[in-house]
There are 4 protein chains.
Amino acid sequence: MVDLNADLGESFGIWKLGDDLGLLSIVTSANIACGYHAGDASTMRRCCAEAARCGVRIGAQVGYRDLPGFGRRFIDMDPAQLTDEVIHQVVALDGIAKVEGGQVGYVKPHGALYNAIVDHDDQATAVVAAVCAANRALAASLPVYGLPGSAWLSRASEAGLSVVTEGFADRAYYPDGRLVPRREAGAVIEDVDLVVARSVAMATGRTIKAVDGSVIEIHPHSICVHGDTPGAVDMAKRIRRALTEAGVDVEAVD
Amino acid sequence: MVDLNADLGESFGIWKLGDDLGLLSIVTSANIACGYHAGDASTMRRCCAEAARCGVRIGAQVGYRDLPGFGRRFIDMDPAQLTDEVIHQVVALDGIAKVEGGQVGYVKPHGALYNAIVDHDDQATAVVAAVCAANRALAASLPVYGLPGSAWLSRASEAGLSVVTEGFADRAYYPDGRLVPRREAGAVIEDVDLVVARSVAMATGRTIKAVDGSVIEIHPHSICVHGDTPGAVDMAKRIRRALTEAGVDVEAVD
Amino acid sequence: MVDLNADLGESFGIWKLGDDLGLLSIVTSANIACGYHAGDASTMRRCCAEAARCGVRIGAQVGYRDLPGFGRRFIDMDPAQLTDEVIHQVVALDGIAKVEGGQVGYVKPHGALYNAIVDHDDQATAVVAAVCAANRALAASLPVYGLPGSAWLSRASEAGLSVVTEGFADRAYYPDGRLVPRREAGAVIEDVDLVVARSVAMATGRTIKAVDGSVIEIHPHSICVHGDTPGAVDMAKRIRRALTEAGVDVEAVD
Amino acid sequence: MVDLNADLGESFGIWKLGDDLGLLSIVTSANIACGYHAGDASTMRRCCAEAARCGVRIGAQVGYRDLPGFGRRFIDMDPAQLTDEVIHQVVALDGIAKVEGGQVGYVKPHGALYNAIVDHDDQATAVVAAVCAANRALAASLPVYGLPGSAWLSRASEAGLSVVTEGFADRAYYPDGRLVPRREAGAVIEDVDLVVARSVAMATGRTIKAVDGSVIEIHPHSICVHGDTPGAVDMAKRIRRALTEAGVDVEAVD
């Protein structure tokens, strides 16, 4: 059994990004941008409405306040302020989701924040504090998505949050389970057959090859797929089909 | 009996505006900016925490998305988008307030939006739709503040929302109860004694003088005071004291 | 002889809009966004470099400061501030163009500003003042693009600026030469053959049909084409070809 | 002989910061914010006008695009984009200054960018490339301000730019000439007499005490003073008077 998640709601004003409707027929969990790195009130609302209608779980995809950089640049910000900004994103999306009959079901950091809190303990702790605060405010117990072995998931676990480990079928890994950064050559795997095969291997607990040729086991609760190009949506469809054919149940994490 | 309200949380990042703590010892209702015309996540949180601690009711002060213009310029925006943006502001502030043990208790439009929906029926209807949606999402029944006689309060009333009429002790009025716009000479009354006297007259149902010398009766549920200068906070203190001395109970509207 | 102009450089950060390179092989004048309604420093620079390389004249496409609304909503702003903001846009683009061996050759307002200053005399005068100031600062004499009969071109003319009248081949006109607003049905003409025919009629001084069936003569110095969809670029190509076949010289205004 | 510089034009919209007019009667060089970390078109213009009227040299105070963080957080951005953004800031301010009869006379990075390029070679090189490009575009040869011993000034020197070394009279230093970061206790010296004494020592080539008690010599071309509090402006006045009394000429660097 595995969850499939994807980034949605990453348009901004007139500018469109990704195929939200295409992805909603494939994934079980939708990471919806909350206006800090992408998205705006109308995009958030429309996306929540569509996810609710499709029965796809809604996640708060939280990021740095950086529309010009799409949240892809590390910002060395004050941890206390980071806590406040993540709370803001989570509770706002939840309120908008509730207007559409849904609710936020989990939290997943985006981009540079996702990568920073693999190792940056102060920011990891700040995001954990935000989820705990949002849980109190919303009378919820939102699980959090992240990279296995990250400081973020360790701090979250210690704070009593449920953690959902995540694998990236189209990204190269170092032997220690870290992702090869996007700016490195070979960071993104474009061979569709290979990506599909890695997805199935991950979901069934088999090993995949790290970037140095060594083998590693990821076995995540959720696999992240992308939808920012027409090819990406097709790839996501093929991943879903291959998982089903391999006998893996594709469904949201409880 | 009258409510006293003031605008709070209108700082942004490093830039400070107003004396939030000073006002919280005077007013009964705090209109807290929600990040669209002013404010940011940390300011919203701090302000909610202080209001909750002082027992002052928290209101969502919603405005146009216009930090460079402080929400003081009319924007001829799509009503459906305005609805989404107002929902976003209200539910976000409510979630943050709940982190601090409070909650949003009413909605008051800010600046150019406040003025626009005195007459602009499409935008008035859009803001009403937003409050109705937020009420559903939050299982609340938030009242709304506005100018007596405005399209905004009429549409709100028709939609079943509670309305709180508001008077401005330091602003000149036309004989029809409209405010003289800020850009006109004499729009803001600076004579403290006169402002205090007008506050008491308004709160006790007596008439005040309109800008043309005719007399009008406002008799609002709430009086708006300002805190953006040291003098303004002193004036607000004097208004509160004069109301008490005149036998008016100063308390939040139920 | 007619100039062909198009909007370029309207991407923002990760979000792409339009086919800038496709248009640069078609038009003679490139209206490059200056970061207020769209564009950013890197987009401005890349676009200036490409325009300079293609020998296409660079224009400052100035707009309201409104990225979330793409400059398509009227903002009732202070005219003096509008002057400053338009100066900022023009001189910034000129400096960036000069880094790439080019320079700004004209000014064209965008979207809601374009439409507002057809009739809004204070804002029209403010934009004229900005171009005059930029001309002093840059030791230039930039012409301005606008709708024939607009307050904007009248005020510009009175101030000694050269004016370039503009026609829209794919937009419906009222009998008085005003554009039918985008939100009205039939405002945008999608029949490619008709658009091409109207372009040739405009450029050769023949009449076109207004929205009520009456005939009007536009005869502009420049025709605006669009590139925000693949179809739009094809349409622009067909317009250029049809103009050439009709014996019209397509070149930038002197 | 020493130059006195200060940060100006750091207001944003309705929010005011610092006493620009107060500082212009004290300093010889005004670092004017360019809209990325603070400032807007009207503030830039007003500030350039005042500096020109006071005969104070105008500098482009360039920073990260980060209004919510006032440019005080390191952003791990793409160096090529940083180059474009710094060009944008410099040429825009220069154009606006020219409207007011002035021009940009130097470039000084702000806040987190200033600190980052003490050691971050890629960003230092990117800012140098920006100044070189702006120099070509403006037919200028702008000097650059920075910390003695920084990568930034080394790369600038190698690229043929004139460098102006800078000292901070109210900041604690490490023995290697680095500034103690603001977040450390004791980073900012508040004893006015001590700050004045350190200013005179710096300007006359005498040593000052580093944070560990060791002595270091800074001897900068320029001393940075602050004006963000009433006390700061008074301190700046006292520094200027003390320098004059010590026989130091206070004037802009040629």
# chains A, B, ... in the order shown; residues from 1 in each chain; ligands from 1
call {"tool": "closest_atom_pairs", "arguments": {"of": "chain D", "to": "chain B", "cutoff": "12 Å", "atoms": "only C-alpha atoms", "output": "Markdown table"}}
result
| residue | atom | partner | partner_atom | distance |
| --- | --- | --- | --- | --- |
| D:Glu10 | CA | B:Trp15 | CA | 9.5 |
| D:Ser11 | CA | B:Trp15 | CA | 7.9 |
| D:Phe12 | CA | B:Pro68 | CA | 7.0 |
| D:Gly13 | CA | B:Pro68 | CA | 5.0 |
| D:Ile14 | CA | B:Phe70 | CA | 6.5 |
| D:Trp15 | CA | B:Trp15 | CA | 5.7 |
| D:Lys16 | CA | B:Trp15 | CA | 6.9 |
| D:Leu17 | CA | B:Trp15 | CA | 6.9 |
| D:Gly18 | CA | B:Trp15 | CA | 10.3 |
| D:Gly35 | CA | B:Pro68 | CA | 10.9 |
| D:His37 | CA | B:Ile14 | CA | 10.5 |
| D:Ala38 | CA | B:Ile14 | CA | 9.7 |
| D:Gly39 | CA | B:Pro68 | CA | 9.9 |
| D:Asp40 | CA | B:Pro68 | CA | 8.2 |
| D:Ala41 | CA | B:Pro68 | CA | 10.4 |
| D:Ser42 | CA | B:Pro68 | CA | 10.9 |
| D:Thr43 | CA | B:Pro68 | CA | 11.5 |
| D:Asp66 | CA | B:Gly13 | CA | 10.0 |
| D:Leu67 | CA | B:Gly13 | CA | 7.5 |
| D:Pro68 | CA | B:Gly13 | CA | 5.0 |
| D:Gly69 | CA | B:Gly13 | CA | 6.1 |
| D:Phe70 | CA | B:Ile14 | CA | 6.5 |
| D:Gly71 | CA | B:Ile14 | CA | 10.1 |
| D:Arg72 | CA | B:Ile14 | CA | 9.9 |
| D:Asp228 | CA | B:Trp15 | CA | 10.9 |
call {"tool": "write_last_selection", "arguments": {"atoms": "C-alpha atoms", "output": "PDB file, in the first residue's frame"}}
result
ATOM      1  CA  GLU D  10      13.981  52.997   3.790  1.00  0.00           C
ATOM      2  CA  SER D  11      10.321  53.853   4.188  1.00  0.00           C
ATOM      3  CA  PHE D  12       7.707  51.831   2.319  1.00  0.00           C
ATOM      4  CA  GLY D  13       4.296  53.174   1.397  1.00  0.00           C
ATOM      5  CA  ILE D  14       2.590  54.432   4.511  1.00  0.00           C
ATOM      6  CA  TRP D  15       5.331  53.078   6.762  1.00  0.00           C
ATOM      7  CA  LYS D  16       8.085  55.506   7.672  1.00  0.00           C
ATOM      8  CA  LEU D  17      11.568  54.621   8.865  1.00  0.00           C
ATOM      9  CA  GLY D  18      14.430  56.876   9.821  1.00  0.00           C
ATOM     10  CA  GLY D  35      12.748  49.189  -3.669  1.00  0.00           C
ATOM     11  CA  HIS D  37      14.467  45.580   0.636  1.00  0.00           C
ATOM     12  CA  ALA D  38      12.771  48.945   1.278  1.00  0.00           C
ATOM     13  CA  GLY D  39      11.688  52.038  -0.575  1.00  0.00           C
ATOM     14  CA  ASP D  40       9.328  52.645  -3.452  1.00  0.00           C
ATOM     15  CA  ALA D  41       9.280  54.933  -6.464  1.00  0.00           C
ATOM     16  CA  SER D  42       8.007  57.990  -4.604  1.00  0.00           C
ATOM     17  CA  THR D  43      10.359  57.491  -1.679  1.00  0.00           C
ATOM     18  CA  ASP D  66      12.679  40.884   0.449  1.00  0.00           C
ATOM     19  CA  LEU D  67      10.374  43.603   1.737  1.00  0.00           C
ATOM     20  CA  PRO D  68       8.871  41.363   4.449  1.00  0.00           C
ATOM     21  CA  GLY D  69      12.360  40.689   5.833  1.00  0.00           C
ATOM     22  CA  PHE D  70      13.847  44.136   5.112  1.00  0.00           C
ATOM     23  CA  GLY D  71      16.677  42.404   3.254  1.00  0.00           C
ATOM     24  CA  ARG D  72      18.069  41.125   6.522  1.00  0.00           C
ATOM     25  CA  ASP D 228      16.567  54.874  12.514  1.00  0.00           C
TER      26      ASP D 228
END
call {"tool": "select_by_dssp", "arguments": {"residues": "region 38-230 of chain C", "states": "strand (DSSP E)", "output": "PyMOL selection string"}}
result
chain C and resi 57-62+104-109+144-146+163-168+207-209+215-217+222-225
call {"tool": "residues_around", "arguments": {"residues": "region 148-162 of chain D", "least_positions_apart": "5", "cutoff": "9 Å", "atoms": "only C-alpha atoms", "output": "list in words"}}
result
Tyr114, Ile117, Val118, Asp119, His120, Asp121, Gln123, Ala124, Thr125, Val127, Val128, Ala129, Val131, Cys132, Ser141, Leu142, Pro143, Gly167, Asp176, Gly177, Arg178, Ile218 and Pro220 of chain D
call {"tool": "closest_residue", "arguments": {"among": "A:Ala252, A:Ile239, A:Ala80, A:Val107", "to": "Asp122 (chain A)", "atoms": "only C-alpha atoms"}}
result
A:Ala80
call {"tool": "residues_around", "arguments": {"residues": "Gly227 (chain C)", "least_positions_apart": "5", "cutoff": "10 Å", "atoms": "only C-alpha atoms", "output": "PyMOL selection string"}}
result
chain C and resi 6-8+17-23+232-236
call {"tool": "residues_around", "arguments": {"residues": "Met77 (chain D)", "least_positions_apart": "3", "cutoff": "8 Å", "atoms": "only C-alpha atoms", "output": "count of residues only"}}
result
4
call {"tool": "atom_distance", "arguments": {"atom1": "CA of Ile26 (chain D)", "atom2": "CA of Arg240 (chain D)"}}
result
6.8 Å
call {"tool": "closest_residue", "arguments": {"among": "D:Arg206, D:Lys98, D:His221, D:Arg182", "to": "Cys48 (chain D)", "atoms": "only C-alpha atoms"}}
result
D:Lys98
call {"tool": "select_by_dssp", "arguments": {"residues": "region 4-194 of chain C", "states": "alpha helix (DSSP H)", "output": "ChimeraX atom specification"}}
result
/C:20-24,41-54,79-99,111-119,121-138,151-158,192-194
